[in-house]
Structure formats: structure tokens, C-alpha cells
file query.pdb (PDB, C-alpha atoms, pLDDT in the B column)
ATOM      1  CA  MET A   1     -24.705   3.449  65.692  1.00 43.00           C
ATOM      2  CA  SER A   2     -22.703   3.129  68.859  1.00 37.00           C
ATOM      3  CA  ALA A   3     -20.385   5.873  70.018  1.00 34.00           C
ATOM      4  CA  GLU A   4     -17.747   3.422  71.254  1.00 36.00           C
ATOM      5  CA  ALA A   5     -14.160   4.347  70.464  1.00 33.00           C
ATOM      6  CA  VAL A   6     -12.330   2.517  67.697  1.00 33.00           C
ATOM      7  CA  PRO A   7      -9.107   0.899  68.945  1.00 34.00           C
ATOM      8  CA  VAL A   8      -5.769   1.489  67.297  1.00 36.00           C
ATOM      9  CA  SER A   9      -4.698  -1.918  66.080  1.00 36.00           C
ATOM     10  CA  GLY A  10      -2.012  -1.064  63.536  1.00 35.00           C
ATOM     11  CA  ALA A  11       0.851  -1.734  65.951  1.00 34.00           C
ATOM     12  CA  ALA A  12      -0.158  -5.410  66.031  1.00 35.00           C
ATOM     13  CA  TYR A  13       1.347  -5.918  62.574  1.00 31.00           C
ATOM     14  CA  SER A  14       5.049  -6.681  62.357  1.00 31.00           C
ATOM     15  CA  PRO A  15       7.452  -5.662  59.565  1.00 30.00           C
ATOM     16  CA  ASN A  16       7.057  -9.190  58.169  1.00 32.00           C
ATOM     17  CA  ALA A  17       3.255  -9.127  58.215  1.00 37.00           C
ATOM     18  CA  ALA A  18       2.848  -9.011  54.417  1.00 39.00           C
ATOM     19  CA  ARG A  19       1.607 -12.421  53.353  1.00 42.00           C
ATOM     20  CA  GLN A  20       3.040 -14.769  50.769  1.00 41.00           C
ATOM     21  CA  ILE A  21       0.447 -15.425  48.075  1.00 43.00           C
ATOM     22  CA  SER A  22       0.167 -19.005  46.889  1.00 43.00           C
ATOM     23  CA  GLY A  23      -1.795 -20.587  44.093  1.00 46.00           C
ATOM     24  CA  ASP A  24      -4.409 -18.270  42.642  1.00 48.00           C
ATOM     25  CA  GLY A  25      -4.106 -15.820  45.552  1.00 47.00           C
ATOM     26  CA  LEU A  26      -7.688 -16.400  46.706  1.00 52.00           C
ATOM     27  CA  THR A  27      -7.015 -18.844  49.528  1.00 71.00           C
ATOM     28  CA  GLU A  28      -6.812 -16.251  52.301  1.00 89.00           C
ATOM     29  CA  PRO A  29      -9.186 -13.392  53.197  1.00 94.00           C
ATOM     30  CA  LEU A  30      -8.206  -9.972  51.972  1.00 96.00           C
ATOM     31  CA  ARG A  31      -6.762  -7.741  54.657  1.00 96.00           C
ATOM     32  CA  LEU A  32      -8.919  -4.600  54.722  1.00 97.00           C
ATOM     33  CA  ALA A  33      -7.590  -1.525  56.520  1.00 95.00           C
ATOM     34  CA  VAL A  34     -10.285   0.948  57.593  1.00 96.00           C
ATOM     35  CA  ILE A  35      -8.676   4.315  58.359  1.00 92.00           C
ATOM     36  CA  VAL A  36     -10.413   7.025  60.406  1.00 90.00           C
ATOM     37  CA  GLY A  37      -9.261  10.392  59.056  1.00 82.00           C
ATOM     38  CA  GLY A  38     -10.949  12.994  61.261  1.00 72.00           C
ATOM     39  CA  ALA A  39      -8.786  14.115  64.188  1.00 66.00           C
ATOM     40  CA  ARG A  40     -10.926  16.822  65.812  1.00 63.00           C
ATOM     41  CA  ASP A  41     -12.370  16.317  69.275  1.00 60.00           C
ATOM     42  CA  GLY A  42     -15.833  14.814  69.101  1.00 60.00           C
ATOM     43  CA  THR A  43     -15.533  13.746  65.468  1.00 69.00           C
ATOM     44  CA  SER A  44     -18.038  11.164  64.281  1.00 72.00           C
ATOM     45  CA  GLY A  45     -15.367   9.274  62.370  1.00 75.00           C
ATOM     46  CA  PRO A  46     -14.899   6.419  64.881  1.00 84.00           C
ATOM     47  CA  VAL A  47     -18.668   5.826  64.977  1.00 85.00           C
ATOM     48  CA  VAL A  48     -18.930   5.731  61.187  1.00 86.00           C
ATOM     49  CA  ALA A  49     -15.840   3.516  60.884  1.00 89.00           C
ATOM     50  CA  GLU A  50     -17.125   0.982  63.395  1.00 90.00           C
ATOM     51  CA  TRP A  51     -20.495   0.829  61.609  1.00 90.00           C
ATOM     52  CA  PHE A  52     -18.775   0.108  58.303  1.00 92.00           C
ATOM     53  CA  ALA A  53     -16.217  -2.282  59.805  1.00 94.00           C
ATOM     54  CA  SER A  54     -18.966  -4.258  61.554  1.00 93.00           C
ATOM     55  CA  ARG A  55     -20.589  -4.914  58.176  1.00 93.00           C
ATOM     56  CA  ALA A  56     -17.265  -5.839  56.575  1.00 96.00           C
ATOM     57  CA  ARG A  57     -16.474  -8.295  59.382  1.00 96.00           C
ATOM     58  CA  LYS A  58     -19.553 -10.340  58.469  1.00 95.00           C
ATOM     59  CA  ARG A  59     -17.856 -11.344  55.226  1.00 95.00           C
ATOM     60  CA  ALA A  60     -15.676 -14.452  55.160  1.00 94.00           C
ATOM     61  CA  ASP A  61     -13.516 -12.985  52.379  1.00 94.00           C
ATOM     62  CA  LEU A  62     -12.279 -10.024  54.493  1.00 96.00           C
ATOM     63  CA  ASP A  63      -9.973  -9.695  57.494  1.00 96.00           C
ATOM     64  CA  VAL A  64     -10.799  -6.243  58.874  1.00 96.00           C
ATOM     65  CA  ASP A  65      -8.790  -3.925  61.068  1.00 93.00           C
ATOM     66  CA  VAL A  66      -9.362  -0.275  62.023  1.00 92.00           C
ATOM     67  CA  LEU A  67      -6.933   2.544  62.732  1.00 88.00           C
ATOM     68  CA  ASP A  68      -7.881   5.963  64.093  1.00 85.00           C
ATOM     69  CA  LEU A  69      -5.345   8.560  62.887  1.00 81.00           C
ATOM     70  CA  ALA A  70      -6.158  10.707  65.914  1.00 77.00           C
ATOM     71  CA  GLN A  71      -4.355   8.042  67.955  1.00 72.00           C
ATOM     72  CA  ALA A  72      -1.530   7.326  65.502  1.00 68.00           C
ATOM     73  CA  TRP A  73       0.540  10.357  66.621  1.00 65.00           C
ATOM     74  CA  LEU A  74       2.081  10.970  63.218  1.00 69.00           C
ATOM     75  CA  PRO A  75       4.473  13.933  63.080  1.00 64.00           C
ATOM     76  CA  ASP A  76       4.723  16.377  60.208  1.00 69.00           C
ATOM     77  CA  GLN A  77       7.266  15.379  57.608  1.00 65.00           C
ATOM     78  CA  PRO A  78      10.788  16.556  58.449  1.00 52.00           C
ATOM     79  CA  HIS A  79      13.251  17.912  55.924  1.00 48.00           C
ATOM     80  CA  ASP A  80      15.472  14.918  56.640  1.00 54.00           C
ATOM     81  CA  ARG A  81      13.350  11.944  55.569  1.00 57.00           C
ATOM     82  CA  ALA A  82      16.167   9.543  56.431  1.00 61.00           C
ATOM     83  CA  ALA A  83      15.131   9.710  60.089  1.00 69.00           C
ATOM     84  CA  VAL A  84      11.740   7.988  60.156  1.00 70.00           C
ATOM     85  CA  PRO A  85       9.904   8.214  63.533  1.00 66.00           C
ATOM     86  CA  GLY A  86       8.693   5.033  65.204  1.00 71.00           C
ATOM     87  CA  ALA A  87       5.023   5.953  64.784  1.00 72.00           C
ATOM     88  CA  VAL A  88       5.546   6.214  61.035  1.00 79.00           C
ATOM     89  CA  ARG A  89       7.327   2.864  60.878  1.00 76.00           C
ATOM     90  CA  ASP A  90       4.474   1.201  62.794  1.00 79.00           C
ATOM     91  CA  LEU A  91       1.834   2.606  60.470  1.00 84.00           C
ATOM     92  CA  GLY A  92       3.937   1.734  57.432  1.00 85.00           C
ATOM     93  CA  HIS A  93       4.039  -1.945  58.431  1.00 88.00           C
ATOM     94  CA  TRP A  94       0.270  -1.928  58.883  1.00 89.00           C
ATOM     95  CA  LEU A  95      -0.379  -0.288  55.503  1.00 92.00           C
ATOM     96  CA  ALA A  96       2.070  -2.550  53.677  1.00 93.00           C
ATOM     97  CA  ALA A  97       0.284  -5.624  55.038  1.00 94.00           C
ATOM     98  CA  ALA A  98      -3.106  -4.435  53.774  1.00 96.00           C
ATOM     99  CA  ASP A  99      -4.640  -5.565  50.486  1.00 97.00           C
ATOM    100  CA  ALA A 100      -7.289  -2.827  50.390  1.00 97.00           C
ATOM    101  CA  PHE A 101      -8.211   0.405  52.146  1.00 97.00           C
ATOM    102  CA  VAL A 102     -11.352   2.277  53.127  1.00 96.00           C
ATOM    103  CA  LEU A 103     -10.844   5.873  54.234  1.00 94.00           C
ATOM    104  CA  VAL A 104     -13.486   7.300  56.554  1.00 92.00           C
ATOM    105  CA  THR A 105     -13.282  11.049  56.029  1.00 86.00           C
ATOM    106  CA  PRO A 106     -15.164  14.150  57.117  1.00 82.00           C
ATOM    107  CA  GLU A 107     -15.357  17.209  54.915  1.00 73.00           C
ATOM    108  CA  TYR A 108     -13.502  20.229  56.310  1.00 72.00           C
ATOM    109  CA  ASN A 109     -13.832  23.434  54.282  1.00 67.00           C
ATOM    110  CA  HIS A 110     -14.720  21.502  51.114  1.00 66.00           C
ATOM    111  CA  SER A 111     -11.681  19.245  51.555  1.00 66.00           C
ATOM    112  CA  PHE A 112     -10.301  16.403  53.685  1.00 77.00           C
ATOM    113  CA  PRO A 113      -8.483  16.646  57.059  1.00 79.00           C
ATOM    114  CA  GLY A 114      -4.851  17.590  57.401  1.00 77.00           C
ATOM    115  CA  ALA A 115      -4.216  14.491  59.533  1.00 81.00           C
ATOM    116  CA  MET A 116      -5.215  12.337  56.598  1.00 86.00           C
ATOM    117  CA  LYS A 117      -2.948  14.226  54.198  1.00 87.00           C
ATOM    118  CA  THR A 118      -0.038  13.774  56.597  1.00 83.00           C
ATOM    119  CA  ALA A 119      -0.705  10.032  56.781  1.00 86.00           C
ATOM    120  CA  ILE A 120      -0.929   9.741  53.001  1.00 88.00           C
ATOM    121  CA  ASP A 121       2.230  11.761  52.334  1.00 87.00           C
ATOM    122  CA  TRP A 122       4.464   9.764  54.665  1.00 84.00           C
ATOM    123  CA  PHE A 123       4.052   6.732  52.397  1.00 86.00           C
ATOM    124  CA  CYS A 124       4.037   5.756  48.746  1.00 89.00           C
ATOM    125  CA  ASP A 125       4.829   2.091  48.003  1.00 91.00           C
ATOM    126  CA  GLU A 126       2.333   1.033  50.671  1.00 94.00           C
ATOM    127  CA  TRP A 127      -0.568   2.520  48.658  1.00 95.00           C
ATOM    128  CA  GLN A 128       0.436   1.424  45.175  1.00 95.00           C
ATOM    129  CA  ALA A 129      -1.649  -1.030  43.145  1.00 96.00           C
ATOM    130  CA  LYS A 130      -4.258  -1.432  45.882  1.00 97.00           C
ATOM    131  CA  PRO A 131      -7.956  -0.459  45.891  1.00 97.00           C
ATOM    132  CA  VAL A 132      -9.138   2.506  47.964  1.00 97.00           C
ATOM    133  CA  GLY A 133     -12.778   3.060  48.901  1.00 95.00           C
ATOM    134  CA  PHE A 134     -14.357   5.960  50.761  1.00 94.00           C
ATOM    135  CA  VAL A 135     -16.965   6.462  53.465  1.00 91.00           C
ATOM    136  CA  ALA A 136     -17.598  10.200  53.877  1.00 85.00           C
ATOM    137  CA  TYR A 137     -19.684  12.404  56.118  1.00 83.00           C
ATOM    138  CA  GLY A 138     -20.491  16.046  56.727  1.00 76.00           C
ATOM    139  CA  GLY A 139     -22.498  18.862  55.193  1.00 66.00           C
ATOM    140  CA  SER A 140     -24.981  19.010  52.361  1.00 65.00           C
ATOM    141  CA  ALA A 141     -22.570  17.175  50.030  1.00 61.00           C
ATOM    142  CA  CYS A 142     -22.236  14.228  52.476  1.00 69.00           C
ATOM    143  CA  GLY A 143     -18.460  14.646  52.478  1.00 65.00           C
ATOM    144  CA  LEU A 144     -18.177  13.879  48.772  1.00 73.00           C
ATOM    145  CA  ARG A 145     -16.151  17.019  48.009  1.00 75.00           C
ATOM    146  CA  ALA A 146     -13.451  15.632  50.291  1.00 80.00           C
ATOM    147  CA  VAL A 147     -13.624  12.338  48.398  1.00 84.00           C
ATOM    148  CA  ASP A 148     -13.221  14.093  45.036  1.00 84.00           C
ATOM    149  CA  GLN A 149      -9.947  15.610  46.207  1.00 84.00           C
ATOM    150  CA  LEU A 150      -8.707  12.365  47.715  1.00 91.00           C
ATOM    151  CA  ARG A 151      -9.181  10.655  44.354  1.00 91.00           C
ATOM    152  CA  LEU A 152      -6.687  13.073  42.799  1.00 90.00           C
ATOM    153  CA  VAL A 153      -4.138  12.411  45.536  1.00 92.00           C
ATOM    154  CA  PHE A 154      -4.381   8.632  45.273  1.00 93.00           C
ATOM    155  CA  ALA A 155      -4.221   8.711  41.490  1.00 93.00           C
ATOM    156  CA  ASP A 156      -0.736  10.204  41.791  1.00 91.00           C
ATOM    157  CA  LEU A 157       0.191   7.338  44.134  1.00 93.00           C
ATOM    158  CA  HIS A 158      -0.973   4.716  41.596  1.00 94.00           C
ATOM    159  CA  ALA A 159      -3.752   3.410  43.811  1.00 96.00           C
ATOM    160  CA  VAL A 160      -7.139   2.373  42.376  1.00 96.00           C
ATOM    161  CA  THR A 161      -9.985   4.456  43.796  1.00 96.00           C
ATOM    162  CA  LEU A 162     -13.500   3.045  43.597  1.00 95.00           C
ATOM    163  CA  ALA A 163     -16.525   4.873  42.213  1.00 91.00           C
ATOM    164  CA  ASP A 164     -18.845   3.431  44.887  1.00 87.00           C
ATOM    165  CA  THR A 165     -18.978   5.695  47.945  1.00 86.00           C
ATOM    166  CA  VAL A 166     -21.005   5.799  51.164  1.00 85.00           C
ATOM    167  CA  GLY A 167     -21.990   9.292  52.316  1.00 80.00           C
ATOM    168  CA  PHE A 168     -23.734  10.762  55.369  1.00 76.00           C
ATOM    169  CA  PRO A 169     -24.943  14.381  55.636  1.00 72.00           C
ATOM    170  CA  ASP A 170     -24.959  14.567  59.456  1.00 62.00           C
ATOM    171  CA  VAL A 171     -24.067  11.434  61.382  1.00 59.00           C
ATOM    172  CA  ASP A 172     -25.311  12.675  64.759  1.00 55.00           C
ATOM    173  CA  ASN A 173     -28.788  13.494  63.503  1.00 48.00           C
ATOM    174  CA  CYS A 174     -29.139  11.148  60.544  1.00 50.00           C
ATOM    175  CA  ALA A 175     -30.676   7.740  61.137  1.00 51.00           C
ATOM    176  CA  LEU A 176     -29.308   4.913  59.031  1.00 59.00           C
ATOM    177  CA  HIS A 177     -31.652   3.722  56.330  1.00 62.00           C
ATOM    178  CA  GLU A 178     -31.601   0.884  53.847  1.00 61.00           C
ATOM    179  CA  GLY A 179     -29.771   2.999  51.276  1.00 70.00           C
ATOM    180  CA  HIS A 180     -26.724   3.260  53.529  1.00 81.00           C
ATOM    181  CA  HIS A 181     -26.570  -0.500  54.006  1.00 84.00           C
ATOM    182  CA  GLU A 182     -26.969  -1.117  50.272  1.00 88.00           C
ATOM    183  CA  ALA A 183     -24.244   1.414  49.485  1.00 89.00           C
ATOM    184  CA  ALA A 184     -21.898  -0.232  52.000  1.00 92.00           C
ATOM    185  CA  GLU A 185     -22.469  -3.674  50.496  1.00 94.00           C
ATOM    186  CA  ALA A 186     -21.881  -2.339  46.980  1.00 94.00           C
ATOM    187  CA  LEU A 187     -18.615  -0.764  48.103  1.00 94.00           C
ATOM    188  CA  LEU A 188     -17.501  -3.995  49.791  1.00 96.00           C
ATOM    189  CA  ASP A 189     -18.362  -6.025  46.678  1.00 96.00           C
ATOM    190  CA  ARG A 190     -16.245  -3.755  44.449  1.00 96.00           C
ATOM    191  CA  LEU A 191     -13.476  -3.615  47.026  1.00 96.00           C
ATOM    192  CA  THR A 192     -13.128  -7.389  47.237  1.00 96.00           C
ATOM    193  CA  TRP A 193     -13.187  -7.733  43.428  1.00 96.00           C
ATOM    194  CA  TRP A 194     -10.394  -5.222  42.971  1.00 97.00           C
ATOM    195  CA  GLY A 195      -8.543  -6.403  46.057  1.00 97.00           C
ATOM    196  CA  GLU A 196      -8.394  -9.994  44.815  1.00 96.00           C
ATOM    197  CA  ALA A 197      -7.458  -9.002  41.261  1.00 96.00           C
ATOM    198  CA  LEU A 198      -4.681  -6.648  42.354  1.00 97.00           C
ATOM    199  CA  ARG A 199      -3.341  -9.027  44.999  1.00 96.00           C
ATOM    200  CA  VAL A 200      -2.853 -11.706  42.354  1.00 95.00           C
ATOM    201  CA  ALA A 201      -1.277  -9.184  39.967  1.00 95.00           C
ATOM    202  CA  ARG A 202       1.198  -7.960  42.611  1.00 94.00           C
ATOM    203  CA  ALA A 203       2.163 -11.547  43.432  1.00 93.00           C
ATOM    204  CA  ARG A 204       2.859 -12.323  39.781  1.00 93.00           C
ATOM    205  CA  GLN A 205       4.782  -9.135  39.127  1.00 91.00           C
ATOM    206  CA  PRO A 206       5.646  -6.445  41.710  1.00 88.00           C
ATOM    207  CA  TYR A 207       4.340  -3.000  40.861  1.00 88.00           C
ATOM    208  CA  ASP A 208       7.528  -1.078  40.103  1.00 80.00           C
ATOM    209  CA  MET A 209       6.786   2.635  39.975  1.00 78.00           C
ATOM    210  CA  PRO A 210       9.235   5.054  41.635  1.00 75.00           C
ATOM    211  CA  CYS A 211       7.615   7.319  44.187  1.00 71.00           C
ATOM    212  CA  PRO A 212       7.849  11.089  43.594  1.00 61.00           C
ATOM    213  CA  ALA A 213       9.445  11.507  47.025  1.00 52.00           C
ATOM    214  CA  LYS A 214      12.248   9.154  46.035  1.00 48.00           C
ATOM    215  CA  SER A 215      13.018  10.899  42.763  1.00 44.00           C
ATOM    216  CA  ASP A 216      12.525  14.543  43.742  1.00 49.00           C
ATOM    217  CA  PRO A 217      11.591  15.587  47.323  1.00 46.00           C
ATOM    218  CA  ASP A 218      10.104  18.877  46.075  1.00 49.00           C
ATOM    219  CA  GLU A 219       7.479  17.050  43.990  1.00 50.00           C
ATOM    220  CA  HIS A 220       5.805  15.232  46.858  1.00 45.00           C
TER     221      HIS A 220
END
call {"tool": "encode", "arguments": {"input": "query.pdb", "output": "C-alpha cells"}}
result
Amino acid sequence: MSAEAVPVSGAAYSPNAARQISGDGLTEPLRLAVIVGGARDGTSGPVVAEWFASRARKRADLDVDVLDLAQAWLPDQPHDRAAVPGAVRDLGHWLAAADAFVLVTPEYNHSFPGAMKTAIDWFCDEWQAKPVGFVAYGGSACGLRAVDQLRLVFADLHAVTLADTVGFPDVDNCALHEGHHEAAEALLDRLTWWGEALRVARARQPYDMPCPAKSDPDEH
């Protein structure tokens, strides 16, 4: 895998980027957002994300974009949520336009990075009724303990997390083998199935579930 940096492309989406679904909803590729969650210097997240994104881009049914949270410059949530920073608005437009997500996460202290939690907590509607897959790395558990905790978080946001996961024990010293490629293809197959099904469902009837942050700020 190459160590090239992953560009931040979220700002390319405008507030009106969400597409109008026509017919059976299958006429356009699904917009897949691959999100790099590790923000530490030297993290392997961009390398892992580009490997996965390169495989996803080979599929005609996916339109793939990548965002590195280390370059998103998201602030911590303020007490006054009425004042939304520009960086948050930009990311919100990008997430709202997506039909499906893959989170590339390391495992820090048996959990996922704080930068990823900040990104998740700034939003709610943008995640709802969309599939979320995971590519994890780090430690003897291949990052899967971080994934287990992320499943709980996304369940509360009414997203659909997928059972198929790709995991690496040590990206720097672990050569890719056929099992990684097979796992990535299985994840992409499930992701497109759920992405198409949920895109059609959202077009027929919007998913109307109040976010915890909107009903009680102390709950979210």
C-alpha cells in the first residue's frame, strides 16, 4: 500500500448536493463516503483508506470520496449549538449527500479516536437510515474493539451498521493477503445492497426520527 496522503474532498459538495432519486432509485451510483478517523501524527489511516477506496472505485455502482478528519478541523461542540462553525457546515453537506459510509478507524485504548467521536456527535440527521461499514486496524484485535463501540453509537443514531468488517493487526508490518481483498469485496457487496435499499426507502418516505440533541441537549 502506498503512503500517499488522502485529500480532503468534502468541501467540494454544496448544500444542494443531495440528489433527487427518480424511478427505482438505482439509476445513479451510490455516493460512498470513506472517513479516516485517526488524527495522530503518522497514523496509518490514510494508507488504509486509500487502499479500500481504490477497490471501491473499481465498481460502477459506487461514486467514492474520501475525507481525512485530521484535515477537517472540527472544533469541540460549544454550549451554544446555534452557532455552527463553517468547518462543521462543510462536513455536514458532504455527509448529507452520501448514501453510505465506511469508517476507517484505529483502536486507541480499546476504543475509537476522539476525533471520530467529535465528528459523529456534531451530526444526527446526516447519519440516519444509511449503512455504515468499518475498516479497522491496530493491535491483536485488529481494531475490532473500536468497531464494537462504534456500533453502539451508530445504533443510537438510527444508522445501519454492517456485520462485515475488514481488520488489520499492524498496517506497517502486515502485508496484504487474499483474505483482506475478499473481506473488502464482501463489505462492498453488503454496503451496496443496503445503500440501494435504504436510498429507495428514504426517497419514498423520509426517515423522521428526532435527534436526541434536538429534544434534550444533555442526552447527546
call {"tool": "atom_distance", "arguments": {"input": "query.pdb", "atom1": "atom CA of Leu69 of chain A", "atom2": "atom CA of Ala119 of chain A"}}
result
7.8 Å
call {"tool": "residues_around", "arguments": {"input": "query.pdb", "residues": "Pro131 of chain A", "least_positions_apart": "4", "cutoff": "10 Å", "atoms": "only C-alpha atoms", "output": "count of residues only"}}
result
22
call {"tool": "atom_distance", "arguments": {"input": "query.pdb", "atom1": "atom CA of Asp156 of chain A", "atom2": "atom CA of Gln205 of chain A"}}
result
20.3 Å
call {"tool": "resolve_selection", "arguments": {"input": "query.pdb", "expression": "the PyMOL selection byres ((chain A and resi 63) around 7)", "output": "number ranges by chain"}}
result
A: 29-32, 57, 62, 64-65
call {"tool": "resolve_selection", "arguments": {"input": "query.pdb", "expression": "the PyMOL selection byres ((chain A and resi 66) around 6)", "output": "ChimeraX atom specification"}}
result
/A:33-35,65,67
